[in-house]
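Here is model_9.tsv, consisting of TSV, C-alpha atoms:
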```
chain	number	residue	atom	x	y	z
A	1453	MET	CA	43.83	-114.12	100.10
A	1454	GLU	CA	41.55	-111.47	98.69
A	1455	ILE	CA	39.89	-112.29	95.40
A	1456	LYS	CA	40.13	-109.51	92.83
A	1457	VAL	CA	37.06	-109.18	90.60
A	1458	THR	CA	37.23	-107.71	87.09
A	1459	PRO	CA	33.77	-107.67	85.46
A	1460	VAL	CA	33.18	-107.98	81.72
A	1461	GLN	CA	32.37	-104.86	79.76
A	1462	THR	CA	29.31	-106.40	78.11
A	1463	ASN	CA	27.33	-109.35	79.45
A	1464	ARG	CA	26.22	-111.96	76.96
A	1465	THR	CA	22.80	-113.62	76.88
A	1466	ARG	CA	22.29	-117.22	77.96
A	1467	PRO	CA	20.68	-119.43	75.28
A	1468	LYS	CA	17.17	-120.76	75.84
A	1469	ASP	CA	17.03	-123.83	78.04
A	1470	SER	CA	15.64	-125.83	75.12
A	1471	ASP	CA	18.70	-124.97	73.01
A	1472	LEU	CA	21.31	-126.11	75.54
A	1473	GLY	CA	23.62	-129.01	74.80
A	1474	PHE	CA	26.50	-130.03	77.04
A	1475	GLY	CA	29.82	-128.26	77.46
A	1476	GLN	CA	29.37	-125.81	74.60
A	1477	VAL	CA	28.15	-122.57	76.19
A	1478	PHE	CA	30.44	-120.84	78.72
A	1479	THR	CA	29.66	-117.98	81.06
A	1480	ASP	CA	31.09	-114.46	81.07
A	1481	HIS	CA	33.62	-114.95	83.88
A	1482	MET	CA	36.08	-117.48	85.26
A	1483	PHE	CA	38.16	-117.87	88.41
A	1484	VAL	CA	41.95	-118.14	88.09
A	1485	MET	CA	44.94	-118.36	90.44
A	1486	GLU	CA	48.59	-119.31	90.09
A	1487	TYR	CA	51.11	-121.44	91.97
A	1488	SER	CA	54.85	-121.03	92.36
A	1489	GLU	CA	57.25	-122.62	94.82
A	1490	ASP	CA	58.06	-119.23	96.36
A	1491	ASN	CA	54.51	-117.93	96.72
A	1492	GLY	CA	52.34	-121.04	96.89
A	1493	TRP	CA	48.84	-120.51	95.49
A	1494	HIS	CA	48.46	-116.78	94.86
A	1495	ASP	CA	46.87	-114.00	92.76
A	1496	PRO	CA	43.27	-115.29	92.98
A	1497	ARG	CA	40.94	-113.43	90.67
A	1498	ILE	CA	37.60	-113.51	88.89
A	1499	GLU	CA	37.97	-112.11	85.40
A	1500	PRO	CA	36.32	-112.25	81.98
A	1501	TYR	CA	36.34	-115.67	80.33
A	1502	ALA	CA	39.15	-115.50	77.78
A	1503	ASP	CA	42.02	-117.44	76.27
A	1504	PHE	CA	45.12	-118.09	78.36
A	1505	SER	CA	48.63	-117.15	77.30
A	1506	VAL	CA	50.65	-120.33	77.92
A	1507	PRO	CA	54.09	-121.03	76.40
A	1508	PRO	CA	54.39	-123.94	73.94
A	1509	SER	CA	56.95	-125.41	76.33
A	1510	ALA	CA	54.45	-125.54	79.23
A	1511	MET	CA	54.87	-128.94	80.84
A	1512	VAL	CA	51.17	-129.80	80.66
A	1513	PHE	CA	51.51	-130.18	76.88
A	1514	HIS	CA	54.43	-132.57	77.11
A	1515	TYR	CA	54.06	-134.57	80.31
A	1516	GLY	CA	50.34	-134.49	81.01
A	1517	GLN	CA	50.16	-132.95	84.48
A	1518	ALA	CA	46.50	-131.96	84.40
A	1519	ILE	CA	43.63	-132.74	86.77
A	1520	PHE	CA	40.04	-131.57	86.88
A	1521	GLU	CA	36.68	-132.00	88.55
A	1522	GLY	CA	33.07	-131.80	87.44
A	1523	LEU	CA	30.10	-130.72	89.55
A	1524	LYS	CA	26.87	-128.80	89.09
A	1525	ALA	CA	24.84	-125.91	90.45
A	1526	TYR	CA	21.04	-126.17	90.36
A	1527	LYS	CA	18.26	-123.58	90.65
A	1528	THR	CA	15.37	-124.69	92.88
A	1529	PRO	CA	11.74	-123.66	92.42
A	1530	ASP	CA	12.19	-121.04	95.16
A	1531	LYS	CA	15.24	-119.64	93.29
A	1532	LYS	CA	17.89	-120.98	95.64
A	1533	ILE	CA	21.24	-121.96	94.14
A	1534	CYS	CA	22.25	-125.44	95.28
A	1535	LEU	CA	25.49	-127.39	94.92
A	1536	PHE	CA	25.55	-131.18	95.25
A	1537	ARG	CA	28.34	-132.50	97.49
A	1538	PRO	CA	30.89	-129.87	96.34
A	1539	ARG	CA	33.35	-130.49	99.17
A	1540	ASP	CA	33.63	-134.12	98.08
A	1541	ASN	CA	34.69	-132.95	94.63
A	1542	PHE	CA	37.46	-130.71	95.93
A	1543	GLU	CA	38.67	-133.33	98.38
A	1544	ARG	CA	38.84	-135.77	95.47
A	1545	MET	CA	40.72	-133.12	93.50
A	1546	ASN	CA	43.33	-133.02	96.25
A	1547	ARG	CA	43.68	-136.80	96.05
A	1548	SER	CA	44.22	-136.46	92.30
A	1549	ALA	CA	46.70	-133.64	92.93
A	1550	LYS	CA	48.70	-135.77	95.34
A	1551	GLY	CA	48.76	-138.65	92.87
A	1552	MET	CA	49.92	-136.40	90.03
A	1553	CYS	CA	52.53	-134.49	92.10
A	1554	ILE	CA	50.51	-131.26	91.94
A	1555	PRO	CA	50.28	-128.90	94.96
A	1556	GLU	CA	47.05	-129.37	96.90
A	1557	ILE	CA	44.48	-126.58	97.15
A	1558	ASP	CA	42.82	-125.08	100.21
A	1559	VAL	CA	39.35	-126.62	99.94
A	1560	ASP	CA	37.61	-123.90	101.97
A	1561	PHE	CA	39.19	-121.14	99.91
A	1562	VAL	CA	38.35	-122.59	96.50
A	1563	MET	CA	34.82	-123.43	97.70
A	1564	ASP	CA	34.35	-119.76	98.57
A	1565	ALA	CA	35.89	-118.64	95.28
A	1566	MET	CA	33.59	-120.95	93.34
A	1567	LYS	CA	30.52	-119.63	95.18
A	1568	GLN	CA	31.53	-116.03	94.46
A	1569	LEU	CA	31.91	-116.89	90.79
A	1570	ILE	CA	28.54	-118.65	90.63
A	1571	LYS	CA	26.74	-115.79	92.36
A	1572	LEU	CA	28.23	-113.39	89.81
A	1573	GLU	CA	27.01	-115.68	87.01
A	1574	GLU	CA	23.60	-116.52	88.49
A	1575	LYS	CA	21.75	-115.54	85.32
A	1576	TRP	CA	23.57	-118.37	83.53
A	1577	ILE	CA	21.93	-121.04	85.69
A	1578	PRO	CA	19.05	-122.53	83.66
A	1579	GLU	CA	15.90	-123.42	85.57
A	1580	THR	CA	14.25	-126.19	83.54
A	1581	LEU	CA	14.36	-129.60	85.22
A	1582	GLY	CA	17.31	-131.54	83.78
A	1583	THR	CA	19.36	-128.41	83.06
A	1584	SER	CA	22.06	-127.00	85.32
A	1585	LEU	CA	25.26	-124.99	85.53
A	1586	TYR	CA	28.22	-127.32	85.01
A	1587	ILE	CA	31.34	-126.39	86.99
A	1588	ARG	CA	34.81	-127.39	85.79
A	1589	PRO	CA	37.73	-126.75	88.21
A	1590	THR	CA	41.08	-127.58	86.57
A	1591	ILE	CA	44.80	-127.47	87.37
A	1592	ILE	CA	47.50	-127.53	84.69
A	1593	ALA	CA	51.32	-127.52	84.86
A	1594	THR	CA	52.74	-124.32	83.37
A	1595	ASP	CA	56.55	-124.54	83.75
A	1596	PRO	CA	58.24	-123.67	80.42
A	1597	PHE	CA	60.53	-126.68	80.61
A	1598	ILE	CA	61.25	-129.74	78.47
A	1599	GLY	CA	62.32	-132.47	80.86
A	1600	VAL	CA	60.56	-135.18	82.82
A	1601	ARG	CA	59.86	-133.93	86.34
A	1602	ALA	CA	56.99	-132.37	88.22
A	1603	SER	CA	56.33	-128.76	87.29
A	1604	TYR	CA	57.25	-125.96	89.70
A	1605	THR	CA	54.38	-123.70	88.56
A	1606	TYR	CA	50.66	-124.33	88.00
A	1607	LYS	CA	47.43	-122.62	87.01
A	1608	PHE	CA	44.13	-123.36	88.74
A	1609	PHE	CA	40.93	-122.21	87.07
A	1610	ILE	CA	37.18	-122.69	87.26
A	1611	ILE	CA	34.96	-122.26	84.23
A	1612	LEU	CA	31.18	-122.56	84.12
A	1613	SER	CA	28.86	-123.87	81.41
A	1614	SER	CA	25.07	-123.78	81.10
A	1615	VAL	CA	24.08	-127.32	80.16
A	1616	GLY	CA	21.17	-129.49	79.17
A	1617	ALA	CA	21.09	-133.29	79.18
A	1618	TYR	CA	24.44	-135.06	78.73
A	1619	TYR	CA	22.98	-137.67	76.37
A	1620	ALA	CA	20.74	-136.70	73.49
A	1621	GLU	CA	18.79	-139.88	74.31
A	1622	GLY	CA	17.92	-138.41	77.69
A	1623	LEU	CA	16.90	-141.21	80.04
A	1624	ASN	CA	16.35	-143.67	77.23
A	1625	PRO	CA	18.60	-146.70	77.68
A	1626	VAL	CA	21.93	-146.48	75.85
A	1627	LYS	CA	23.88	-149.22	74.07
A	1628	ILE	CA	27.34	-150.07	75.38
A	1629	TRP	CA	30.30	-151.79	73.78
A	1630	VAL	CA	32.55	-154.04	75.88
A	1631	GLU	CA	36.13	-153.28	74.88
A	1632	LYS	CA	38.31	-156.37	74.37
A	1633	ASN	CA	41.53	-154.97	72.90
A	1634	HIS	CA	42.21	-151.69	74.68
A	1635	VAL	CA	42.32	-150.72	78.36
A	1636	ARG	CA	41.59	-147.45	80.10
A	1637	ALA	CA	43.76	-147.80	83.21
A	1638	ILE	CA	45.63	-150.30	85.33
A	1639	ARG	CA	45.94	-150.80	89.07
A	1640	GLY	CA	49.02	-148.98	90.29
A	1641	GLY	CA	48.60	-146.33	87.60
A	1642	VAL	CA	46.49	-143.18	87.54
A	1643	GLY	CA	43.04	-144.66	86.91
A	1644	GLU	CA	41.71	-143.59	90.31
A	1645	PHE	CA	42.65	-139.94	89.68
A	1646	LYS	CA	40.62	-137.52	87.59
A	1647	THR	CA	43.45	-136.69	85.23
A	1648	ALA	CA	43.32	-135.84	81.54
A	1649	ALA	CA	45.41	-138.88	80.57
A	1650	ASN	CA	42.64	-141.29	81.57
A	1651	TYR	CA	40.22	-139.68	79.15
A	1652	ALA	CA	42.76	-139.48	76.34
A	1653	ALA	CA	43.38	-143.20	76.78
A	1654	SER	CA	39.66	-143.88	76.31
A	1655	LEU	CA	39.21	-142.07	72.99
A	1656	PHE	CA	40.33	-144.69	70.48
A	1657	ALA	CA	37.96	-147.37	71.76
A	1658	SER	CA	35.17	-144.81	72.25
A	1659	GLU	CA	35.38	-143.76	68.61
A	1660	GLU	CA	35.33	-147.41	67.54
A	1661	ALA	CA	32.21	-147.99	69.65
A	1662	LYS	CA	30.45	-144.97	68.14
A	1663	LYS	CA	31.22	-146.17	64.60
A	1664	ASN	CA	29.39	-149.36	65.49
A	1665	GLY	CA	26.37	-147.54	66.92
A	1666	TYR	CA	27.23	-147.73	70.62
A	1667	ALA	CA	27.11	-144.76	72.99
A	1668	GLN	CA	29.76	-145.80	75.50
A	1669	VAL	CA	32.53	-148.29	76.22
A	1670	LEU	CA	32.41	-150.76	79.08
A	1671	TRP	CA	36.01	-151.20	80.21
A	1672	LEU	CA	37.51	-154.45	81.45
A	1673	ASP	CA	40.44	-154.71	83.84
A	1674	ALA	CA	43.88	-154.36	82.28
A	1675	ILE	CA	45.40	-157.52	83.79
A	1676	GLU	CA	43.00	-160.40	83.22
A	1677	ARG	CA	40.77	-158.59	80.71
A	1678	LYS	CA	37.61	-160.08	82.23
A	1679	TYR	CA	36.45	-157.97	85.19
A	1680	ILE	CA	34.26	-154.97	84.41
A	1681	GLU	CA	35.38	-151.58	85.69
A	1682	GLU	CA	33.85	-148.35	84.34
A	1683	VAL	CA	31.41	-147.49	81.58
A	1684	GLY	CA	32.44	-144.43	79.61
A	1685	ALA	CA	33.04	-141.66	82.15
A	1686	MET	CA	30.72	-143.29	84.68
A	1687	ASN	CA	30.68	-145.97	87.34
A	1688	ILE	CA	28.44	-148.95	86.63
A	1689	PHE	CA	25.77	-150.81	88.61
A	1690	LEU	CA	24.03	-154.11	87.81
A	1691	LEU	CA	20.89	-155.52	89.40
A	1692	ILE	CA	21.28	-159.31	89.51
A	1693	GLY	CA	18.33	-160.91	91.24
A	1694	ASP	CA	17.94	-158.83	94.38
A	1695	GLU	CA	21.67	-157.91	94.53
A	1696	LEU	CA	22.84	-154.50	93.37
A	1697	VAL	CA	26.46	-154.97	92.24
A	1698	THR	CA	29.13	-152.40	91.46
A	1699	PRO	CA	32.84	-153.05	90.93
A	1700	ASN	CA	34.91	-152.44	94.05
A	1701	LEU	CA	37.41	-149.60	93.97
A	1702	ASN	CA	40.73	-151.21	93.14
A	1703	GLY	CA	43.06	-148.38	92.17
A	1704	SER	CA	42.07	-148.20	88.51
A	1705	ILE	CA	38.45	-147.05	89.00
A	1706	LEU	CA	37.53	-143.42	89.66
A	1707	PRO	CA	35.66	-143.06	92.98
A	1708	GLY	CA	32.60	-141.25	91.68
A	1709	ILE	CA	30.64	-138.81	93.84
A	1710	THR	CA	27.38	-140.07	92.30
A	1711	ARG	CA	28.57	-143.64	92.90
A	1712	TYR	CA	28.93	-142.87	96.61
A	1713	SER	CA	25.46	-141.32	96.57
A	1714	VAL	CA	23.83	-144.35	94.92
A	1715	ILE	CA	25.53	-146.66	97.41
A	1716	SER	CA	24.35	-144.53	100.34
A	1717	LEU	CA	20.75	-144.56	99.10
A	1718	ALA	CA	20.85	-148.30	98.39
A	1719	LYS	CA	21.95	-148.97	101.97
A	1720	LYS	CA	19.32	-146.59	103.33
A	1721	TRP	CA	16.62	-148.39	101.33
A	1722	GLY	CA	17.74	-151.78	102.64
A	1723	MET	CA	18.90	-153.11	99.29
A	1724	THR	CA	21.39	-155.96	99.06
A	1725	LEU	CA	24.50	-154.14	97.87
A	1726	SER	CA	27.82	-155.67	96.84
A	1727	GLU	CA	31.03	-153.86	95.95
A	1728	ARG	CA	32.99	-156.70	94.39
A	1729	LYS	CA	34.70	-158.07	91.33
A	1730	ILE	CA	32.26	-159.05	88.61
A	1731	SER	CA	33.40	-160.63	85.36
A	1732	ILE	CA	31.85	-160.07	81.96
A	1733	ASP	CA	31.18	-163.83	81.86
A	1734	GLU	CA	29.15	-163.54	85.06
A	1735	VAL	CA	27.17	-160.70	83.49
A	1736	PHE	CA	26.33	-162.79	80.42
A	1737	LYS	CA	25.45	-165.82	82.55
A	1738	ALA	CA	23.19	-163.71	84.76
A	1739	HIS	CA	21.40	-162.50	81.64
A	1740	ALA	CA	21.11	-166.02	80.21
A	1741	ASP	CA	19.64	-167.22	83.53
A	1742	GLY	CA	17.13	-164.37	83.54
A	1743	ASN	CA	18.63	-162.79	86.66
A	1744	LEU	CA	20.10	-159.61	85.16
A	1745	THR	CA	17.22	-157.16	85.24
A	1746	GLU	CA	18.93	-153.75	85.10
A	1747	VAL	CA	22.25	-152.10	84.26
A	1748	PHE	CA	22.93	-148.40	84.67
A	1749	GLY	CA	25.80	-145.93	84.89
A	1750	SER	CA	26.16	-143.17	87.46
A	1751	GLY	CA	28.02	-139.90	87.08
A	1752	THR	CA	27.79	-136.14	87.57
A	1753	ALA	CA	27.00	-135.31	83.95
A	1754	ALA	CA	24.18	-137.79	83.31
A	1755	VAL	CA	23.31	-138.61	86.98
A	1756	ILE	CA	21.86	-142.02	86.06
A	1757	SER	CA	22.16	-143.55	82.59
A	1758	PRO	CA	20.21	-146.78	81.98
A	1759	VAL	CA	21.78	-149.39	79.70
A	1760	GLY	CA	19.58	-151.20	77.18
A	1761	GLU	CA	22.07	-153.30	75.22
A	1762	ILE	CA	25.52	-154.78	75.78
A	1763	ARG	CA	27.83	-156.11	73.07
A	1764	TYR	CA	30.92	-158.21	73.76
A	1765	GLY	CA	32.57	-159.36	70.55
A	1766	ASP	CA	29.89	-161.27	68.65
A	1767	LYS	CA	27.68	-161.62	71.73
A	1768	VAL	CA	24.84	-159.14	72.11
A	1769	PHE	CA	21.96	-159.02	74.56
A	1770	SER	CA	19.23	-156.56	75.49
A	1771	ILE	CA	18.13	-155.51	78.95
A	1772	GLY	CA	14.56	-154.62	79.79
A	1773	ASP	CA	11.98	-153.55	77.26
A	1774	GLY	CA	13.65	-150.48	75.82
A	1775	LYS	CA	12.65	-148.32	78.78
A	1776	PRO	CA	14.59	-147.29	81.91
A	1777	GLY	CA	14.37	-149.84	84.70
A	1778	GLU	CA	12.42	-149.23	87.90
A	1779	THR	CA	15.54	-149.22	90.08
A	1780	ALA	CA	17.47	-146.83	87.83
A	1781	MET	CA	14.51	-144.46	87.79
A	1782	LYS	CA	14.18	-144.64	91.57
A	1783	PHE	CA	17.79	-143.55	92.00
A	1784	TYR	CA	17.47	-140.89	89.30
A	1785	HIS	CA	14.42	-139.29	90.87
A	1786	ALA	CA	15.79	-139.53	94.40
A	1787	LEU	CA	19.04	-137.80	93.40
A	1788	THR	CA	17.56	-135.13	91.13
A	1789	ASP	CA	14.76	-134.35	93.58
A	1790	ILE	CA	17.42	-133.55	96.18
A	1791	GLN	CA	19.54	-131.61	93.69
A	1792	TYR	CA	16.65	-129.46	92.47
A	1793	GLY	CA	15.13	-128.89	95.91
A	1794	LYS	CA	12.03	-130.99	95.27
A	1795	ALA	CA	12.78	-133.31	98.21
A	1796	ASP	CA	14.24	-132.83	101.67
A	1797	ASP	CA	18.01	-133.15	101.82
A	1798	THR	CA	18.02	-135.87	104.46
A	1799	GLU	CA	21.61	-136.84	103.57
A	1800	ASN	CA	23.08	-133.31	104.02
A	1801	TRP	CA	24.44	-133.37	100.48
A	1802	ILE	CA	23.28	-129.91	99.42
A	1803	ASP	CA	25.29	-126.71	99.92
A	1804	VAL	CA	23.10	-123.64	99.37
A	1805	ILE	CA	24.83	-120.51	98.07
A	1806	ASP	CA	23.58	-117.57	100.16
```
Entire entry expressed as structure tokens:
Amino acid sequence: MEIKVTPVQTNRTRPKDSDLGFGQVFTDHMFVMEYSEDNGWHDPRIEPYADFSVPPSAMVFHYGQAIFEGLKAYKTPDKKICLFRPRDNFERMNRSAKGMCIPEIDVDFVMDAMKQLIKLEEKWIPETLGTSLYIRPTIIATDPFIGVRASYTYKFFIILSSVGAYYAEGLNPVKIWVEKNHVRAIRGGVGEFKTAANYAASLFASEEAKKNGYAQVLWLDAIERKYIEEVGAMNIFLLIGDELVTPNLNGSILPGITRYSVISLAKKWGMTLSERKISIDEVFKAHADGNLTEVFGSGTAAVISPVGEIRYGDKVFSIGDGKPGETAMKFYHALTDIQYGKADDTENWIDVID
């Protein structure tokens, strides 16, 4: 399919890098294409960023068929535009699509479309270390129909956003709240897919955590309510003695691209790595015994987010001395050095846009 390009009449100016937040500033253009049963994915185009016209009866509003991805483009010191493991994101999107009864996309085609869009919007890529161009591919169900079934029509789009750090705290350790009463997802459900419903289900507990001064929620499993799963929108890692532990993927945990990257580096560095069940009681016991030395989250937005305090009901404990741990920082620098072209890409994770 040929991609039609309609440029904006007037280009806007990107804010200063120092003024960037996260997910607030969007670029001049977006990529869009449609799906119908008769034509498959069709009408691919790059056009000015603007509101969509979608009927109030569109099925996405009523039955929640919506999936998305999140990845970033980085500008290296020699002005190259680099993407970090983009194919993995679109392959994961297809897994989400299959799980949500949405037609799969042609990964090669949408990769090319995304690169064309980014090249057109190159001036929107900030260059300060820690800033990037956030990329949000999304699919929504658009059938104007009230009735429970999979939609027959869909819209795929990619929007771009110039971003700074995800957390205002930067790399300072964050405080997390262990949720006892609500669950994010359950095995056999849609927790392993990057679908809007998972994030909607997290909001009530997240707001409760914020009211109590905590940045994120640490979710427990939905069946026994004792095994840790995700933290906020990230996967979680714990350093217990010399063992780096992360919950095993069980059907309710999103398989994070950064999670895979941390695991790969840990194996390469010869660390003792375990993907296994770990209960909140084991976490508290490890801390009481002096064996829990670091906790950190991993995800596209924040890369690595150290944890400095955990609260579970009336139990509270601190980790470290208020500074990021040595292991968390090692992973952070290893990943960001590859992303920003400061280190050799020995893992073949970088896709350079020519």
Who sits within 12 Å of Gly1616 of chain A, all atoms listed in the file, same chain under 6 positions skipped, as a list in words: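 After dropping sequence-adjacent residues, the list is Pro1467, Lys1468, Asp1469, Ser1470, Asp1471, Leu1472, Gly1473, Phe1474, Gly1475, Gln1476, Val1477, Lys1524, Tyr1526, Ile1577, Pro1578, Glu1579, Thr1580, Leu1581, Gly1582, Thr1583, Ser1584, Leu1585, Tyr1586, Gly1622, Ala1753 and Ala1754 of chain A.
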Centre and edge lengths, as lines of an AutoDock Vina configuration file, for the axis-aligned box enclosing every listed atom of segment 1784-1798 of chain A with 5 Å of padding on each of the six sides, in Å to one decimal?
```
center_x = 15.8
center_y = -134.9
center_z = 96.9
size_x = 17.5
size_y = 22.0
size_z = 25.2
```
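Minimum atom-to-atom distances from A:Arg1763, A:Lys1662, A:Arg1711, A:Lys1720 to Met1686 of chain A were compared using all atoms listed in the file, and the lowest value belongs to A:Arg1711.
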Best match for closeness to Met1485 of chain A among A:Met1566, A:Ile1709, A:Ala1602, A:Ala1780, counting only C-alpha atoms: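 Ranking A:Met1566, A:Ile1709, A:Ala1602, A:Ala1780 by distance to Met1485 of chain A, first place goes to A:Met1566.
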Have a look at A:Ser1614, A:Ser1548, A:Thr1528, A:Thr1710 and name the one nearest to Thr1465 of chain A; count all atoms listed in the file. A:Ser1614
Just how far from atom CA of Met1545 of chain A is atom CA of Glu1521 of chain A, in Å to one decimal? 6.5 Å
Straight-line distance linking atom CA of Thr1458 of chain A with atom CA of Thr1479 of chain A, stated in Å to one decimal: 14.1 Å
In Å, rounded to a single decimal, give me how far atom CA of Leu1623 of chain A is from atom CA of Asp1694 of chain A.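 Going from atom CA of Asp1694 of chain A over to atom CA of Leu1623 of chain A covers 22.7 Å.
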Long-range neighbours of segment 1665-1671 of chain A as a list in words, 7 Å cut-off, only C-alpha atoms, 6 positions minimum in chain: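 Residues meeting the cut-off are Val1626, Lys1627, Ile1628, Trp1629, Val1630, Glu1631, Val1635, Arg1636, Ser1658, Ile1680, Glu1681, Glu1682, Val1683 and Gly1684 of chain A.
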Residues as selected, C-alpha atoms, written as a PDB file, in the frame of the given file, can you do that?
```pdb
ATOM      1  CA  VAL A1626      21.930-146.480  75.850  1.00  0.00           C
ATOM      2  CA  LYS A1627      23.880-149.220  74.070  1.00  0.00           C
ATOM      3  CA  ILE A1628      27.340-150.070  75.380  1.00  0.00           C
ATOM      4  CA  TRP A1629      30.300-151.790  73.780  1.00  0.00           C
ATOM      5  CA  VAL A1630      32.550-154.040  75.880  1.00  0.00           C
ATOM      6  CA  GLU A1631      36.130-153.280  74.880  1.00  0.00           C
ATOM      7  CA  VAL A1635      42.320-150.720  78.360  1.00  0.00           C
ATOM      8  CA  ARG A1636      41.590-147.450  80.100  1.00  0.00           C
ATOM      9  CA  SER A1658      35.170-144.810  72.250  1.00  0.00           C
ATOM     10  CA  ILE A1680      34.260-154.970  84.410  1.00  0.00           C
ATOM     11  CA  GLU A1681      35.380-151.580  85.690  1.00  0.00           C
ATOM     12  CA  GLU A1682      33.850-148.350  84.340  1.00  0.00           C
ATOM     13  CA  VAL A1683      31.410-147.490  81.580  1.00  0.00           C
ATOM     14  CA  GLY A1684      32.440-144.430  79.610  1.00  0.00           C
TER      15      GLY A1684
END
```
Quick one: residues within 12 Å of Glu1746 of chain A, only C-alpha atoms counted, chain neighbours fewer than 2 positions away excluded, as a PyMOL selection string? chain A and resi 1625+1688-1697+1735+1738-1739+1742-1744+1748-1749+1757-1762+1770-1781
